[in-house]
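K.L.:
The structure is given below, and queries will be raised subsequently.
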Protein chains: 2
Amino acid sequence: MSNGLPMKGKRTDLSGVHCAIARSLEIVGDWWSLLIIRDAFRGHKRFGEFHKSLGLAKNILSARLKKLVDAQILSVEADAESASHRYVLTPKGESLHPILVALWQWGEEHCFEGDELKFVMADAVQGKALLKMQPTSQDGRVLRPRDVRLLPRNAAAISHASRESIGRRKTGATRS
Amino acid sequence: MSNGLPMKGKRTDLSGVHCAIARSLEIVGDWWSLLIIRDAFRGHKRFGEFHKSLGLAKNILSARLKKLVDAQILSVEADAESASHRYVLTPKGESLHPILVALWQWGEEHCFEGDELKFVMADAVQGKALLKMQPTSQDGRVLRPRDVRLLPRNAAAISHASRESIGRRKTGATRS
DNA sequence: CTGTATCCTTAAAGATACTG
DNA sequence: CAGTATCTTTAAGGATACAG
């Protein structure tokens, strides 16, 4: 973090900044990209599907799809028959899933009045709502914002242990 | 989900849509809001701090702060002495933390070349990197995108059990 | 030092027509 | 149906001057 912001150049170029959040937003932080990606997770693949679902202008959709392909979030598969393409999520694109889930969960909690909320994100197998995603330490404590810091890369254990690799959690967790 | 998109009206109004992601983005999905919120998590409180850190025009910063206050993500505390305000995160604002962490983790993994990455998000107590946040079922299985579905609200258990409330996980987890 | 008000520029978004 | 090419609109972003 700490601003080595480049600035200057209509609409502020955030690439080059140390902050990973800014870098992510640079790629995926505009009006439509995340919604397109959401639709891709829903299984949409063709131009027309995105277009119908999102209702945005075709030129914009076209531009966004290109941008996402350039960023290697989507890849294109030519479709011989229909002279069309299929846009499918790459692994890099698939790894955006936690961001969408986090957005969904926040919206679910804060952006609906009374009975407006019609759907919940659920485990497809058991049909139960997901756990709320929360920042968690390697030993399984849920961390409040103030318990999370940015540390110089070398000072901290870099490996992101996957949830599988940790033993059962031991300490009392901080309450959210 | 499934588009009851309202549309029409320069820059497409997403409120009113069933999709919680769209609703979240409506509030927080623009160029600057999430960066302002990031700074708020960093402890920034005053106009000038945000301004210096972000380098955006003051009128825009002003507008964004207002918008975030209206959305009850920030609250304003008048500061008698300095004739200034302090902008502090409300609980609703604090609950955006998982979104920022998810963005950070994705950016960390995908938006840096070689040695560019200088900081990692770490547990302040132990100084170790956080677990990667991943969608998880109530019994602790990490879920791949295709294992997550939107279900009608009533069909799924609505409560978001907190991580504390579940027993130790039992089944082999799906590998990411 | 905090912010607001004003003006100007530009690029993002929409509409529509058009090509394969 | 899938996309590209133009044209127009408009609001977001920047610069700067100004007020409490």
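Each chain of the structure tokens is named A, B, ... in the order shown, its residues numbered from 1; ligands are numbered from 1 in display order.
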Write down as a short mmCIF file (atom, residue, chain, number, x, y, z; two decimals) with C-alpha atoms, in the first residue's frame the residues belonging to stretch 42-162 of chain B that are assigned strand (DSSP E or B) by DSSP computed on the backbone.
P.N.:
```cif
data_model
loop_
_atom_site.label_atom_id
_atom_site.label_comp_id
_atom_site.auth_asym_id
_atom_site.auth_seq_id
_atom_site.Cartn_x
_atom_site.Cartn_y
_atom_site.Cartn_z
CA LEU B 74 -19.46 5.67 7.06
CA SER B 75 -20.72 7.91 9.78
CA VAL B 76 -19.62 11.43 10.45
CA GLU B 77 -18.42 12.69 13.75
CA ALA B 78 -18.19 16.43 13.94
CA ASP B 79 -14.94 17.62 15.38
CA SER B 84 -13.65 19.17 10.28
CA HIS B 85 -15.32 15.82 10.32
CA ARG B 86 -14.20 12.37 11.10
CA TYR B 87 -15.45 9.62 8.90
CA VAL B 88 -15.61 6.31 10.63
CA LEU B 89 -16.85 2.94 9.54
CA PHE B 119 2.80 -6.71 1.48
CA VAL B 120 0.61 -9.54 2.55
CA MET B 121 -2.50 -9.50 4.64
CA ALA B 122 -1.63 -11.11 7.88
CA ASP B 123 -2.99 -12.00 11.24
CA LYS B 128 1.12 -15.14 9.55
CA ALA B 129 -0.71 -14.75 6.27
CA THR B 136 -17.53 -23.09 2.59
CA VAL B 142 -14.68 -25.87 0.62
CA VAL B 148 -22.64 -23.31 -5.12
CA ARG B 149 -26.16 -22.54 -6.28
CA LEU B 150 -28.72 -19.89 -5.78
CA LEU B 151 -31.72 -21.39 -4.11
CA PRO B 152 -35.07 -19.84 -3.30
CA ALA B 157 -31.49 -22.83 5.66
#
```
K.L.:
Between chain C and chain A, at 9 Å or less, what are the per-residue closest atom pairs and their distances in Å? Count only C-alpha atoms (C1' of nucleotides), order by chain and rising residue number, and return it as a Markdown table.
P.N.:
```
| residue | atom | partner | partner_atom | distance |
| --- | --- | --- | --- | --- |
| C:DT10 | C1' | A:Lys10 | CA | 7.4 |
| C:DA11 | C1' | A:Lys10 | CA | 8.2 |
| C:DA12 | C1' | A:Ile60 | CA | 8.8 |
| C:DA13 | C1' | A:Ile60 | CA | 7.4 |
| C:DG14 | C1' | A:Ala57 | CA | 6.2 |
| C:DA15 | C1' | A:Ala57 | CA | 8.1 |
| C:DG20 | C1' | A:Ala83 | CA | 8.6 |
```
K.L.:
Between A:Glu113, A:Leu34, A:Glu49, A:Ser137, single out the one closest to chain B, counting only C-alpha atoms.
P.N.:
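Of A:Glu113, A:Leu34, A:Glu49, A:Ser137, the one nearest chain B, counting only C-alpha atoms, is A:Ser137.
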K.L.:
Can you tell me which residues surround A:Ile99 at a distance of at most 12 Å, considering only C-alpha atoms (C1' of nucleotides), apart from same-chain residues fewer than 4 positions away, and format the answer as a PyMOL selection string?
P.N.:
(chain A and resi 21+24-25+28-29+34-35+37-38+93-95+103-106+133-134) or (chain B and resi 21+24-25+96-107+132-135+145)
K.L.:
Taking only C-alpha atoms (C1' of nucleotides) into account, find every residue of chain D that has an atom no more than 8 Å from chain A, and write it out as a PyMOL selection string.
P.N.:
chain D and resi 1-4+13-14
K.L.:
Please measure the separation of atom CA of B:Leu54 and atom CA of A:Asn154, giving the value in Å to one decimal.
P.N.:
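Computing it gives 26.0 Å between the two atoms.
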K.L.:
One decimal, Å: what's the distance from atom CA of A:Ser33 over to atom CA of A:Leu130, could you say?
P.N.:
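Atom-to-atom, atom CA of A:Ser33 and atom CA of A:Leu130 are spaced 24.1 Å apart.
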K.L.:
So the first atom is atom CA of A:Asp147 and the second is atom CA of B:Gly43; what is the distance between them in Å, to one decimal place?
P.N.:
12.5 Å
K.L.:
Using only C-alpha atoms, which residue out of B:His44, B:Lys118, B:Lys67, B:Arg141 lies closest to chain A?
P.N.:
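Counting only C-alpha atoms, the residue closest to chain A is B:Lys118.
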K.L.:
Using DSSP assignments from the backbone, pull out every residue in stretch 11-159 of chain B that falls under alpha helix (DSSP H) and give it to me as a ChimeraX atom specification.
P.N.:
/B:20-28,33-41,47-54,58-70,91-94,97-110
